[in-house]
file data18.csv (CSV, N, CA, C and O atoms)
chain,number,residue,atom,x,y,z
Y,12,VAL,N,3.4,10.9,0.6
Y,12,VAL,CA,4.0,9.9,-0.3
Y,12,VAL,C,3.0,9.6,-1.4
Y,12,VAL,O,3.4,9.5,-2.6
Y,13,SER,N,1.7,9.4,-1.1
Y,13,SER,CA,0.8,9.0,-2.1
Y,13,SER,C,0.6,10.1,-3.2
Y,13,SER,O,0.4,9.8,-4.4
Y,14,SER,N,0.7,11.4,-2.8
Y,14,SER,CA,0.6,12.5,-3.7
Y,14,SER,C,1.8,12.4,-4.7
Y,14,SER,O,1.6,12.6,-5.9
Y,15,LEU,N,3.0,12.2,-4.1
Y,15,LEU,CA,4.1,12.1,-5.0
Y,15,LEU,C,4.0,10.9,-5.9
Y,15,LEU,O,4.3,11.0,-7.1
Y,16,LEU,N,3.6,9.8,-5.4
Y,16,LEU,CA,3.5,8.6,-6.3
Y,16,LEU,C,2.4,8.8,-7.4
Y,16,LEU,O,2.6,8.3,-8.5
Y,17,SER,N,1.4,9.5,-7.1
Y,17,SER,CA,0.4,9.9,-8.1
Y,17,SER,C,0.9,10.8,-9.1
Y,17,SER,O,0.7,10.6,-10.3
Y,18,GLN,N,1.7,11.8,-8.7
Y,18,GLN,CA,2.3,12.7,-9.7
Y,18,GLN,C,3.3,12.1,-10.6
Y,18,GLN,O,3.4,12.5,-11.8
Y,19,ILE,N,4.0,11.1,-10.2
Y,19,ILE,CA,5.1,10.5,-11.0
Y,19,ILE,C,4.7,9.2,-11.7
Y,19,ILE,O,5.5,8.6,-12.4
Y,20,ARG,N,3.4,8.8,-11.5
Y,20,ARG,CA,2.9,7.5,-12.1
Y,20,ARG,C,3.2,7.4,-13.6
Y,20,ARG,O,3.8,6.4,-14.0
Y,21,GLU,N,2.9,8.3,-14.4
Y,21,GLU,CA,3.1,8.2,-15.8
Y,21,GLU,C,4.6,8.1,-16.2
Y,21,GLU,O,5.0,7.4,-17.0
Y,22,GLU,N,5.3,8.9,-15.5
Y,22,GLU,CA,6.8,8.9,-15.7
Y,22,GLU,C,7.4,7.5,-15.4
Y,22,GLU,O,8.2,7.0,-16.1
Y,23,VAL,N,6.9,6.9,-14.3
Y,23,VAL,CA,7.4,5.6,-13.9
Y,23,VAL,C,7.0,4.6,-14.9
Y,23,VAL,O,7.9,3.8,-15.4
Y,24,ILE,N,5.8,4.6,-15.3
Y,24,ILE,CA,5.3,3.6,-16.3
Y,24,ILE,C,6.0,3.8,-17.6
Y,24,ILE,O,6.5,2.8,-18.2
Y,25,THR,N,6.0,5.0,-18.1
Y,25,THR,CA,6.5,5.3,-19.5
Y,25,THR,C,8.0,4.9,-19.6
Y,25,THR,O,8.5,4.5,-20.6
Y,26,ASN,N,8.8,5.2,-18.5
Y,26,ASN,CA,10.2,5.0,-18.6
Y,26,ASN,C,10.7,3.7,-18.1
Y,26,ASN,O,11.9,3.5,-17.9
Y,27,GLY,N,9.8,2.7,-17.8
Y,27,GLY,CA,10.3,1.4,-17.5
Y,27,GLY,C,10.8,1.2,-16.1
Y,27,GLY,O,11.8,0.4,-15.8
Y,28,TRP,N,10.3,1.9,-15.1
Y,28,TRP,CA,10.7,1.8,-13.7
Y,28,TRP,C,9.8,0.7,-13.0
Y,28,TRP,O,8.7,0.5,-13.4
Y,29,GLN,N,10.4,0.1,-12.0
Y,29,GLN,CA,9.7,-0.8,-11.1
Y,29,GLN,C,9.8,-0.3,-9.7
Y,29,GLN,O,10.8,0.2,-9.3
Y,30,LEU,N,8.7,-0.5,-9.0
Y,30,LEU,CA,8.7,-0.1,-7.5
Y,30,LEU,C,8.9,-1.4,-6.7
Y,30,LEU,O,8.3,-2.4,-7.0
Y,31,VAL,N,9.8,-1.3,-5.7
Y,31,VAL,CA,10.0,-2.3,-4.8
Y,31,VAL,C,9.6,-1.9,-3.4
Y,31,VAL,O,10.1,-0.9,-2.9
Y,32,VAL,N,8.6,-2.5,-2.8
Y,32,VAL,CA,8.1,-2.2,-1.5
Y,32,VAL,C,8.6,-3.2,-0.5
Y,32,VAL,O,8.4,-4.4,-0.7
Y,33,VAL,N,9.2,-2.7,0.5
Y,33,VAL,CA,9.8,-3.5,1.5
Y,33,VAL,C,9.3,-3.1,2.9
Y,33,VAL,O,9.3,-2.0,3.3
Y,34,GLY,N,8.7,-4.1,3.6
Y,34,GLY,CA,8.2,-3.9,4.9
Y,34,GLY,C,9.2,-4.4,6.0
Y,34,GLY,O,9.9,-5.3,5.8
Y,35,SER,N,9.2,-3.7,7.1
Y,35,SER,CA,10.0,-4.2,8.2
Y,35,SER,C,9.3,-3.9,9.6
Y,35,SER,O,8.3,-3.2,9.6
Y,36,THR,N,9.9,-4.5,10.6
Y,36,THR,CA,9.4,-4.3,12.0
Y,36,THR,C,10.5,-4.0,12.9
Y,36,THR,O,11.7,-4.1,12.6
Y,37,ASP,N,10.1,-3.7,14.2
Y,37,ASP,CA,11.1,-3.6,15.2
Y,37,ASP,C,11.4,-5.0,15.8
Y,37,ASP,O,10.8,-5.9,15.3
Y,38,SER,N,12.2,-5.1,16.8
Y,38,SER,CA,12.6,-6.4,17.3
Y,38,SER,C,11.7,-6.9,18.4
Y,38,SER,O,12.0,-7.9,19.0
Y,39,LYS,N,10.6,-6.2,18.7
Y,39,LYS,CA,9.7,-6.6,19.8
Y,39,LYS,C,8.9,-7.7,19.3
Y,39,LYS,O,8.4,-7.7,18.2
Y,40,GLY,N,8.7,-8.8,20.0
Y,40,GLY,CA,7.8,-9.9,19.6
Y,40,GLY,C,8.6,-11.0,19.0
Y,40,GLY,O,9.8,-11.0,18.9
Y,41,ASP,N,7.9,-12.0,18.6
Y,41,ASP,CA,8.5,-13.2,18.1
Y,41,ASP,C,9.0,-13.0,16.7
Y,41,ASP,O,8.4,-12.3,15.9
Y,42,GLU,N,10.2,-13.6,16.4
Y,42,GLU,CA,10.8,-13.3,15.1
Y,42,GLU,C,9.9,-13.8,13.9
Y,42,GLU,O,9.8,-13.1,12.9
Y,43,THR,N,9.3,-15.0,14.0
Y,43,THR,CA,8.4,-15.5,13.0
Y,43,THR,C,7.2,-14.5,12.8
Y,43,THR,O,6.8,-14.2,11.6
Y,44,HIS,N,6.6,-14.1,13.9
Y,44,HIS,CA,5.5,-13.1,13.8
Y,44,HIS,C,5.9,-11.9,13.1
Y,44,HIS,O,5.2,-11.3,12.3
Y,45,ASN,N,7.1,-11.4,13.5
Y,45,ASN,CA,7.6,-10.1,12.9
Y,45,ASN,C,7.9,-10.3,11.4
Y,45,ASN,O,7.6,-9.3,10.6
Y,46,GLN,N,8.3,-11.4,11.0
Y,46,GLN,CA,8.6,-11.7,9.5
Y,46,GLN,C,7.2,-11.6,8.8
Y,46,GLN,O,7.1,-10.9,7.8
Y,47,THR,N,6.2,-12.3,9.3
Y,47,THR,CA,4.9,-12.3,8.7
Y,47,THR,C,4.3,-10.9,8.7
Y,47,THR,O,3.8,-10.4,7.7
Y,48,LEU,N,4.5,-10.1,9.8
Y,48,LEU,CA,4.0,-8.8,9.9
Y,48,LEU,C,4.7,-7.9,8.9
Y,48,LEU,O,4.0,-7.1,8.2
Y,49,SER,N,5.9,-8.0,8.7
Y,49,SER,CA,6.6,-7.2,7.7
Y,49,SER,C,6.2,-7.5,6.3
Y,49,SER,O,6.0,-6.6,5.4
Y,50,GLU,N,5.9,-8.8,6.0
Y,50,GLU,CA,5.4,-9.2,4.7
Y,50,GLU,C,4.0,-8.6,4.5
Y,50,GLU,O,3.7,-8.1,3.4
Y,51,GLU,N,3.1,-8.7,5.5
Y,51,GLU,CA,1.8,-8.1,5.4
Y,51,GLU,C,1.8,-6.6,5.2
Y,51,GLU,O,1.0,-6.0,4.5
Y,52,ARG,N,2.7,-6.0,5.9
Y,52,ARG,CA,2.8,-4.5,5.8
Y,52,ARG,C,3.2,-4.1,4.4
Y,52,ARG,O,2.6,-3.2,3.8
Y,53,ALA,N,4.2,-4.8,3.8
Y,53,ALA,CA,4.6,-4.5,2.4
Y,53,ALA,C,3.5,-4.8,1.4
Y,53,ALA,O,3.2,-4.1,0.5
Y,54,ALA,N,2.8,-5.9,1.7
Y,54,ALA,CA,1.7,-6.3,0.8
Y,54,ALA,C,0.5,-5.3,0.8
Y,54,ALA,O,-0.1,-5.0,-0.2
Y,55,ALA,N,0.2,-4.8,2.0
Y,55,ALA,CA,-0.8,-3.7,2.1
Y,55,ALA,C,-0.4,-2.5,1.4
Y,55,ALA,O,-1.3,-1.8,0.7
Y,56,ALA,N,0.8,-2.1,1.5
Y,56,ALA,CA,1.3,-0.9,0.7
Y,56,ALA,C,1.2,-1.1,-0.8
Y,56,ALA,O,0.8,-0.3,-1.5
Y,57,LYS,N,1.6,-2.3,-1.2
Y,57,LYS,CA,1.5,-2.7,-2.6
Y,57,LYS,C,0.1,-2.6,-3.1
Y,57,LYS,O,-0.2,-2.1,-4.2
Y,58,GLN,N,-0.8,-3.2,-2.3
Y,58,GLN,CA,-2.2,-3.1,-2.6
Y,58,GLN,C,-2.7,-1.7,-2.8
Y,58,GLN,O,-3.5,-1.4,-3.8
Y,59,TYR,N,-2.3,-0.8,-1.9
Y,59,TYR,CA,-2.7,0.6,-2.0
Y,59,TYR,C,-2.2,1.2,-3.3
Y,59,TYR,O,-2.9,1.9,-4.0
Y,60,ILE,N,-0.9,1.0,-3.6
Y,60,ILE,CA,-0.3,1.6,-4.8
Y,60,ILE,C,-0.9,1.1,-6.0
Y,60,ILE,O,-1.2,1.9,-7.0
Y,61,THR,N,-1.3,-0.2,-6.1
Y,61,THR,CA,-1.8,-0.8,-7.3
Y,61,THR,C,-3.3,-0.5,-7.5
Y,61,THR,O,-3.9,-0.4,-8.6
Y,62,THR,N,-4.0,-0.3,-6.3
Y,62,THR,CA,-5.5,-0.1,-6.4
Y,62,THR,C,-5.8,1.4,-6.4
Y,62,THR,O,-6.4,1.9,-7.3
Y,63,ALA,N,-5.4,2.1,-5.3
Y,63,ALA,CA,-5.8,3.5,-5.2
Y,63,ALA,C,-5.0,4.4,-6.1
Y,63,ALA,O,-5.6,5.4,-6.6
Y,64,LEU,N,-3.8,4.1,-6.4
Y,64,LEU,CA,-3.0,4.9,-7.3
Y,64,LEU,C,-2.9,4.4,-8.7
Y,64,LEU,O,-2.3,5.0,-9.5
Y,65,ASP,N,-3.5,3.2,-8.9
Y,65,ASP,CA,-3.6,2.6,-10.3
Y,65,ASP,C,-2.3,2.3,-11.0
Y,65,ASP,O,-2.1,2.5,-12.2
Y,66,TYR,N,-1.3,1.9,-10.2
Y,66,TYR,CA,-0.1,1.4,-10.8
Y,66,TYR,C,-0.3,0.0,-11.3
Y,66,TYR,O,-1.0,-0.8,-10.6
Y,67,PRO,N,0.3,-0.4,-12.4
Y,67,PRO,CA,0.1,-1.8,-12.9
Y,67,PRO,C,0.8,-2.7,-11.9
Y,67,PRO,O,1.9,-2.5,-11.4
Y,68,THR,N,0.1,-3.8,-11.6
Y,68,THR,CA,0.7,-4.8,-10.6
Y,68,THR,C,2.0,-5.4,-11.1
Y,68,THR,O,2.8,-5.7,-10.2
Y,69,GLU,N,2.2,-5.5,-12.4
Y,69,GLU,CA,3.5,-6.1,-12.8
Y,69,GLU,C,4.7,-5.3,-12.6
Y,69,GLU,O,5.8,-5.8,-12.7
Y,70,ILE,N,4.6,-4.0,-12.2
Y,70,ILE,CA,5.7,-3.2,-12.0
Y,70,ILE,C,5.9,-2.9,-10.5
Y,70,ILE,O,6.8,-2.2,-10.1
Y,71,VAL,N,5.1,-3.5,-9.6
Y,71,VAL,CA,5.2,-3.3,-8.2
Y,71,VAL,C,5.4,-4.7,-7.5
Y,71,VAL,O,4.6,-5.6,-7.7
Y,72,SER,N,6.5,-4.8,-6.8
Y,72,SER,CA,6.8,-6.0,-6.1
Y,72,SER,C,6.9,-5.7,-4.6
Y,72,SER,O,7.1,-4.5,-4.2
Y,73,SER,N,6.7,-6.7,-3.7
Y,73,SER,CA,6.8,-6.4,-2.3
Y,73,SER,C,7.4,-7.6,-1.6
Y,73,SER,O,7.3,-8.8,-2.0
Y,74,ASN,N,8.1,-7.3,-0.5
Y,74,ASN,CA,8.6,-8.4,0.4
Y,74,ASN,C,8.8,-7.8,1.8
Y,74,ASN,O,8.8,-6.6,2.0
Y,75,GLY,N,8.9,-8.7,2.7
Y,75,GLY,CA,9.2,-8.3,4.1
Y,75,GLY,C,10.6,-8.8,4.5
Y,75,GLY,O,11.0,-9.9,4.1
Y,76,VAL,N,11.2,-8.0,5.3
Y,76,VAL,CA,12.6,-8.3,5.8
Y,76,VAL,C,12.6,-8.6,7.3
Y,76,VAL,O,13.7,-8.9,7.8
Y,77,GLY,N,11.5,-8.6,7.9
Y,77,GLY,CA,11.4,-8.9,9.4
Y,77,GLY,C,11.9,-7.8,10.2
Y,77,GLY,O,11.7,-6.6,10.0
Y,78,GLU,N,12.7,-8.1,11.2
Y,78,GLU,CA,13.2,-7.2,12.2
Y,78,GLU,C,14.4,-6.4,11.8
Y,78,GLU,O,15.3,-7.0,11.2
Y,79,LEU,N,14.4,-5.1,12.0
Y,79,LEU,CA,15.5,-4.2,11.7
Y,79,LEU,C,16.2,-3.8,12.9
Y,79,LEU,O,17.4,-3.5,12.9
Y,80,GLY,N,15.5,-3.5,14.0
Y,80,GLY,CA,16.1,-3.0,15.2
Y,80,GLY,C,15.1,-2.8,16.3
Y,80,GLY,O,14.0,-3.3,16.2
Y,81,ASP,N,15.5,-2.1,17.3
Y,81,ASP,CA,14.6,-1.9,18.5
Y,81,ASP,C,13.7,-0.6,18.5
Y,81,ASP,O,12.9,-0.4,19.3
Y,82,SER,N,13.9,0.2,17.5
Y,82,SER,CA,13.3,1.5,17.4
Y,82,SER,C,11.9,1.5,16.7
Y,82,SER,O,11.7,0.7,15.9
Y,83,VAL,N,11.1,2.4,17.1
Y,83,VAL,CA,9.7,2.5,16.5
Y,83,VAL,C,9.9,2.9,15.0
Y,83,VAL,O,9.2,2.5,14.2
Y,84,GLN,N,11.0,3.6,14.7
Y,84,GLN,CA,11.3,3.9,13.3
Y,84,GLN,C,11.6,2.7,12.4
Y,84,GLN,O,11.5,2.8,11.2
Y,85,ASP,N,11.8,1.6,13.0
Y,85,ASP,CA,12.1,0.3,12.3
Y,85,ASP,C,10.8,-0.3,11.8
Y,85,ASP,O,10.8,-1.2,11.0
Y,86,ARG,N,9.6,0.2,12.3
Y,86,ARG,CA,8.3,-0.3,11.8
Y,86,ARG,C,8.0,0.6,10.6
Y,86,ARG,O,7.4,1.7,10.8
Y,87,ARG,N,8.3,0.1,9.4
Y,87,ARG,CA,8.1,1.0,8.3
Y,87,ARG,C,8.0,0.2,7.0
Y,87,ARG,O,8.2,-1.0,6.9
Y,88,VAL,N,7.6,0.9,6.0
Y,88,VAL,CA,7.6,0.4,4.6
Y,88,VAL,C,8.5,1.4,3.8
Y,88,VAL,O,8.4,2.6,3.9
Y,89,THR,N,9.4,0.8,3.0
Y,89,THR,CA,10.3,1.6,2.2
Y,89,THR,C,10.0,1.3,0.7
Y,89,THR,O,9.8,0.1,0.4
Y,90,ILE,N,9.9,2.3,-0.1
Y,90,ILE,CA,9.6,2.2,-1.5
Y,90,ILE,C,10.8,2.6,-2.2
Y,90,ILE,O,11.3,3.8,-2.0
Y,91,SER,N,11.4,1.8,-3.1
Y,91,SER,CA,12.5,2.2,-3.9
Y,91,SER,C,12.1,2.0,-5.4
Y,91,SER,O,11.2,1.2,-5.7
Y,92,PHE,N,12.8,2.6,-6.3
Y,92,PHE,CA,12.6,2.5,-7.7
Y,92,PHE,C,13.8,1.9,-8.3
Y,92,PHE,O,14.9,2.3,-8.0
Y,93,THR,N,13.6,1.0,-9.2
Y,93,THR,CA,14.7,0.4,-10.0
Y,93,THR,C,14.3,0.4,-11.4
Y,93,THR,O,13.1,0.3,-11.8
Y,94,LYS,N,15.3,0.7,-12.3
Y,94,LYS,CA,15.1,0.7,-13.7
Y,94,LYS,C,15.1,-0.7,-14.3
Y,94,LYS,O,16.0,-1.4,-14.0
Y,95,LEU,N,14.1,-1.0,-15.0
Y,95,LEU,CA,14.1,-2.3,-15.7
Y,95,LEU,C,15.0,-2.3,-16.9
Y,95,LEU,O,14.9,-1.4,-17.7
Y,96,GLU,N,15.9,-3.2,-16.9
Y,96,GLU,CA,16.8,-3.2,-18.0
Y,96,GLU,C,16.3,-4.1,-19.1
Y,96,GLU,O,15.9,-5.3,-18.8
Y,97,VAL,N,16.4,-3.7,-20.3
Y,97,VAL,CA,16.0,-4.5,-21.5
Y,97,VAL,C,17.3,-5.0,-22.1
Y,97,VAL,O,18.2,-4.2,-22.5
Y,98,THR,N,17.4,-6.3,-22.3
Y,98,THR,CA,18.5,-6.8,-23.0
Y,98,THR,C,18.1,-7.3,-24.4
Y,98,THR,O,17.1,-7.9,-24.6
Y,99,GLU,N,19.0,-6.9,-25.3
Y,99,GLU,CA,18.7,-7.3,-26.7
Y,99,GLU,C,19.5,-8.6,-27.0
Y,99,GLU,O,20.7,-8.7,-26.6
Y,100,GLU,N,18.9,-9.5,-27.7
Y,100,GLU,CA,19.5,-10.7,-28.0
Y,100,GLU,C,20.0,-10.8,-29.4
Y,100,GLU,O,19.5,-10.2,-30.3
call {"tool": "encode", "arguments": {"input": "data18.csv", "output": "structure tokens"}}
result
Amino acid sequence: VSSLLSQIREEVITNGWQLVVVGSTDSKGDETHNQTLSEERAAAAKQYITTALDYPTEIVSSNGVGELGDSVQDRRVTISFTKLEVTEE
């Protein structure tokens, strides 16, 4: 993933895209702890993207969604791209 993000960095910046980083957990453990863990997981990924891959911080946002399910696959970070819309007044 980091190789791909490095390769498309200029394209993302030049064309007005924003990265949304979302962290999640499985349902094991306390719900409050899992919410915090998912937020920390997303923040760590954002930190990596903005520091190691040199993405501008203003185009990368992060949040945690807490528990998704019972599976190990629910412990993850998802990165999506959204186009920033410019409105003319």
call {"tool": "residues_around", "arguments": {"input": "data18.csv", "residues": "Y:Leu48", "least_positions_apart": "3", "cutoff": "10 Å", "atoms": "only C-alpha atoms", "output": "list of chain:residue names"}}
result
Y:Gly34, Y:Ser35, Y:Thr36, Y:Glu42, Y:Thr43, Y:His44, Y:Asn45, Y:Glu51, Y:Arg52, Y:Ala53, Y:Ala54, Y:Gly75, Y:Val76, Y:Gly77, Y:Glu78, Y:Arg86
call {"tool": "atom_distance", "arguments": {"input": "data18.csv", "atom1": "atom CA of Y:Ala63", "atom2": "atom CA of Y:Leu95"}}
result
23.2 Å
call {"tool": "residues_around", "arguments": {"input": "data18.csv", "residues": "stretch 19-29 of chain Y", "least_positions_apart": "3", "cutoff": "8 Å", "atoms": "only C-alpha atoms", "output": "PyMOL selection string"}}
result
chain Y and resi 15-16+66+70-72+92-96
call {"tool": "closest_residue", "arguments": {"input": "data18.csv", "among": "Y:Gln18, Y:Val33, Y:Glu69, Y:Leu79", "to": "Y:Ser91", "atoms": "only C-alpha atoms"}}
result
Y:Val33
call {"tool": "closest_residue", "arguments": {"input": "data18.csv", "among": "Y:Gly40, Y:Ser49, Y:Val31, Y:Asp65", "to": "Y:Ser17", "atoms": "only N, CA, C and O atoms"}}
result
Y:Asp65
call {"tool": "atom_distance", "arguments": {"input": "data18.csv", "atom1": "atom N of Y:Thr89", "atom2": "atom CA of Y:Val32"}}
result
5.6 Å
call {"tool": "select_by_dssp", "arguments": {"input": "data18.csv", "residues": "stretch 21-99 of chain Y", "states": "helix (DSSP H, G or I)", "output": "NGL selection string"}}
result
:Y and (21-25 or 42-62 or 68-70 or 83-85)
call {"tool": "closest_residue", "arguments": {"input": "data18.csv", "among": "Y:Ala55, Y:Glu50, Y:Ser14, Y:Lys39", "to": "Y:Asp85", "atoms": "only C-alpha atoms"}}
result
Y:Lys39
call {"tool": "select_by_dssp", "arguments": {"input": "data18.csv", "residues": "chain Y", "states": "strand (DSSP E)", "output": "list of chain:residue names"}}
result
Y:Trp28, Y:Gln29, Y:Leu30, Y:Val31, Y:Val32, Y:Val33, Y:Gly34, Y:Ser35, Y:Thr36, Y:Asp37, Y:Val71, Y:Ser72, Y:Ser73, Y:Asn74, Y:Gly75, Y:Val76, Y:Gly77, Y:Glu78, Y:Leu79, Y:Gly80, Y:Arg87, Y:Val88, Y:Thr89, Y:Ile90, Y:Ser91, Y:Phe92, Y:Thr93, Y:Lys94
call {"tool": "decode", "arguments": {"input": "data18.csv", "residues": "stretch 40-50 of chain Y", "atoms": "all heavy atoms", "output": "PDB file, in the first residue's frame"}}
result
ATOM      1  N   GLY Y  40     -13.167  -7.310  23.666  1.00  0.00           N
ATOM      2  CA  GLY Y  40     -12.795  -6.239  24.577  1.00  0.00           C
ATOM      3  C   GLY Y  40     -13.903  -5.238  24.787  1.00  0.00           C
ATOM      4  O   GLY Y  40     -14.990  -5.319  24.225  1.00  0.00           O
ATOM      5  N   ASP Y  41     -13.597  -4.254  25.602  1.00  0.00           N
ATOM      6  CA  ASP Y  41     -14.531  -3.216  25.987  1.00  0.00           C
ATOM      7  C   ASP Y  41     -14.813  -2.273  24.810  1.00  0.00           C
ATOM      8  O   ASP Y  41     -13.906  -1.879  24.067  1.00  0.00           O
ATOM      9  CB  ASP Y  41     -13.919  -2.437  27.163  1.00  0.00           C
ATOM     10  CG  ASP Y  41     -14.756  -1.285  27.594  1.00  0.00           C
ATOM     11  OD1 ASP Y  41     -15.795  -1.530  28.254  1.00  0.00           O
ATOM     12  OD2 ASP Y  41     -14.392  -0.142  27.281  1.00  0.00           O
ATOM     13  N   GLU Y  42     -16.064  -1.875  24.643  1.00  0.00           N
ATOM     14  CA  GLU Y  42     -16.459  -1.018  23.523  1.00  0.00           C
ATOM     15  C   GLU Y  42     -15.729   0.330  23.533  1.00  0.00           C
ATOM     16  O   GLU Y  42     -15.278   0.817  22.486  1.00  0.00           O
ATOM     17  CB  GLU Y  42     -17.968  -0.794  23.556  1.00  0.00           C
ATOM     18  CG  GLU Y  42     -18.496  -0.042  22.367  1.00  0.00           C
ATOM     19  CD  GLU Y  42     -20.008   0.080  22.377  1.00  0.00           C
ATOM     20  OE1 GLU Y  42     -20.688  -0.786  22.959  1.00  0.00           O
ATOM     21  OE2 GLU Y  42     -20.493   1.059  21.791  1.00  0.00           O
ATOM     22  N   THR Y  43     -15.593   0.925  24.712  1.00  0.00           N
ATOM     23  CA  THR Y  43     -14.897   2.210  24.815  1.00  0.00           C
ATOM     24  C   THR Y  43     -13.429   2.060  24.436  1.00  0.00           C
ATOM     25  O   THR Y  43     -12.875   2.889  23.702  1.00  0.00           O
ATOM     26  CB  THR Y  43     -15.023   2.780  26.245  1.00  0.00           C
ATOM     27  OG1 THR Y  43     -16.415   2.911  26.553  1.00  0.00           O
ATOM     28  CG2 THR Y  43     -14.338   4.114  26.370  1.00  0.00           C
ATOM     29  N   HIS Y  44     -12.802   1.002  24.921  1.00  0.00           N
ATOM     30  CA  HIS Y  44     -11.402   0.732  24.578  1.00  0.00           C
ATOM     31  C   HIS Y  44     -11.252   0.524  23.069  1.00  0.00           C
ATOM     32  O   HIS Y  44     -10.321   1.034  22.450  1.00  0.00           O
ATOM     33  CB  HIS Y  44     -10.883  -0.482  25.340  1.00  0.00           C
ATOM     34  CG  HIS Y  44      -9.522  -0.923  24.895  1.00  0.00           C
ATOM     35  ND1 HIS Y  44      -8.378  -0.219  25.190  1.00  0.00           N
ATOM     36  CD2 HIS Y  44      -9.138  -1.979  24.124  1.00  0.00           C
ATOM     37  CE1 HIS Y  44      -7.339  -0.824  24.643  1.00  0.00           C
ATOM     38  NE2 HIS Y  44      -7.769  -1.901  23.999  1.00  0.00           N
ATOM     39  N   ASN Y  45     -12.177  -0.227  22.479  1.00  0.00           N
ATOM     40  CA  ASN Y  45     -12.105  -0.498  21.045  1.00  0.00           C
ATOM     41  C   ASN Y  45     -12.295   0.770  20.225  1.00  0.00           C
ATOM     42  O   ASN Y  45     -11.654   0.940  19.189  1.00  0.00           O
ATOM     43  CB  ASN Y  45     -13.121  -1.560  20.638  1.00  0.00           C
ATOM     44  CG  ASN Y  45     -12.687  -2.944  21.070  1.00  0.00           C
ATOM     45  OD1 ASN Y  45     -11.509  -3.185  21.304  1.00  0.00           O
ATOM     46  ND2 ASN Y  45     -13.635  -3.851  21.174  1.00  0.00           N
ATOM     47  N   GLN Y  46     -13.139   1.682  20.682  1.00  0.00           N
ATOM     48  CA  GLN Y  46     -13.307   2.954  19.972  1.00  0.00           C
ATOM     49  C   GLN Y  46     -11.994   3.738  19.990  1.00  0.00           C
ATOM     50  O   GLN Y  46     -11.545   4.239  18.965  1.00  0.00           O
ATOM     51  CB  GLN Y  46     -14.437   3.783  20.599  1.00  0.00           C
ATOM     52  CG  GLN Y  46     -14.647   5.129  19.930  1.00  0.00           C
ATOM     53  CD  GLN Y  46     -15.047   5.012  18.473  1.00  0.00           C
ATOM     54  OE1 GLN Y  46     -15.848   4.164  18.108  1.00  0.00           O
ATOM     55  NE2 GLN Y  46     -14.484   5.863  17.624  1.00  0.00           N
ATOM     56  N   THR Y  47     -11.390   3.804  21.173  1.00  0.00           N
ATOM     57  CA  THR Y  47     -10.103   4.503  21.299  1.00  0.00           C
ATOM     58  C   THR Y  47      -9.041   3.835  20.443  1.00  0.00           C
ATOM     59  O   THR Y  47      -8.279   4.510  19.743  1.00  0.00           O
ATOM     60  CB  THR Y  47      -9.655   4.539  22.774  1.00  0.00           C
ATOM     61  OG1 THR Y  47     -10.668   5.197  23.540  1.00  0.00           O
ATOM     62  CG2 THR Y  47      -8.334   5.254  22.941  1.00  0.00           C
ATOM     63  N   LEU Y  48      -8.995   2.509  20.470  1.00  0.00           N
ATOM     64  CA  LEU Y  48      -8.023   1.759  19.672  1.00  0.00           C
ATOM     65  C   LEU Y  48      -8.210   2.035  18.180  1.00  0.00           C
ATOM     66  O   LEU Y  48      -7.240   2.244  17.452  1.00  0.00           O
ATOM     67  CB  LEU Y  48      -8.140   0.267  19.960  1.00  0.00           C
ATOM     68  CG  LEU Y  48      -7.204  -0.664  19.197  1.00  0.00           C
ATOM     69  CD1 LEU Y  48      -5.751  -0.325  19.486  1.00  0.00           C
ATOM     70  CD2 LEU Y  48      -7.503  -2.112  19.563  1.00  0.00           C
ATOM     71  N   SER Y  49      -9.436   2.070  17.721  1.00  0.00           N
ATOM     72  CA  SER Y  49      -9.678   2.327  16.297  1.00  0.00           C
ATOM     73  C   SER Y  49      -9.246   3.745  15.914  1.00  0.00           C
ATOM     74  O   SER Y  49      -8.688   3.960  14.835  1.00  0.00           O
ATOM     75  CB  SER Y  49     -11.148   2.092  15.931  1.00  0.00           C
ATOM     76  OG  SER Y  49     -11.998   3.059  16.507  1.00  0.00           O
ATOM     77  N   GLU Y  50      -9.465   4.712  16.793  1.00  0.00           N
ATOM     78  CA  GLU Y  50      -9.024   6.086  16.538  1.00  0.00           C
ATOM     79  C   GLU Y  50      -7.501   6.173  16.503  1.00  0.00           C
ATOM     80  O   GLU Y  50      -6.930   6.852  15.636  1.00  0.00           O
ATOM     81  CB  GLU Y  50      -9.588   7.026  17.603  1.00  0.00           C
ATOM     82  CG  GLU Y  50     -11.087   7.194  17.506  1.00  0.00           C
ATOM     83  CD  GLU Y  50     -11.705   7.871  18.712  1.00  0.00           C
ATOM     84  OE1 GLU Y  50     -10.970   8.333  19.617  1.00  0.00           O
ATOM     85  OE2 GLU Y  50     -12.953   7.950  18.753  1.00  0.00           O
TER      86      GLU Y  50
END
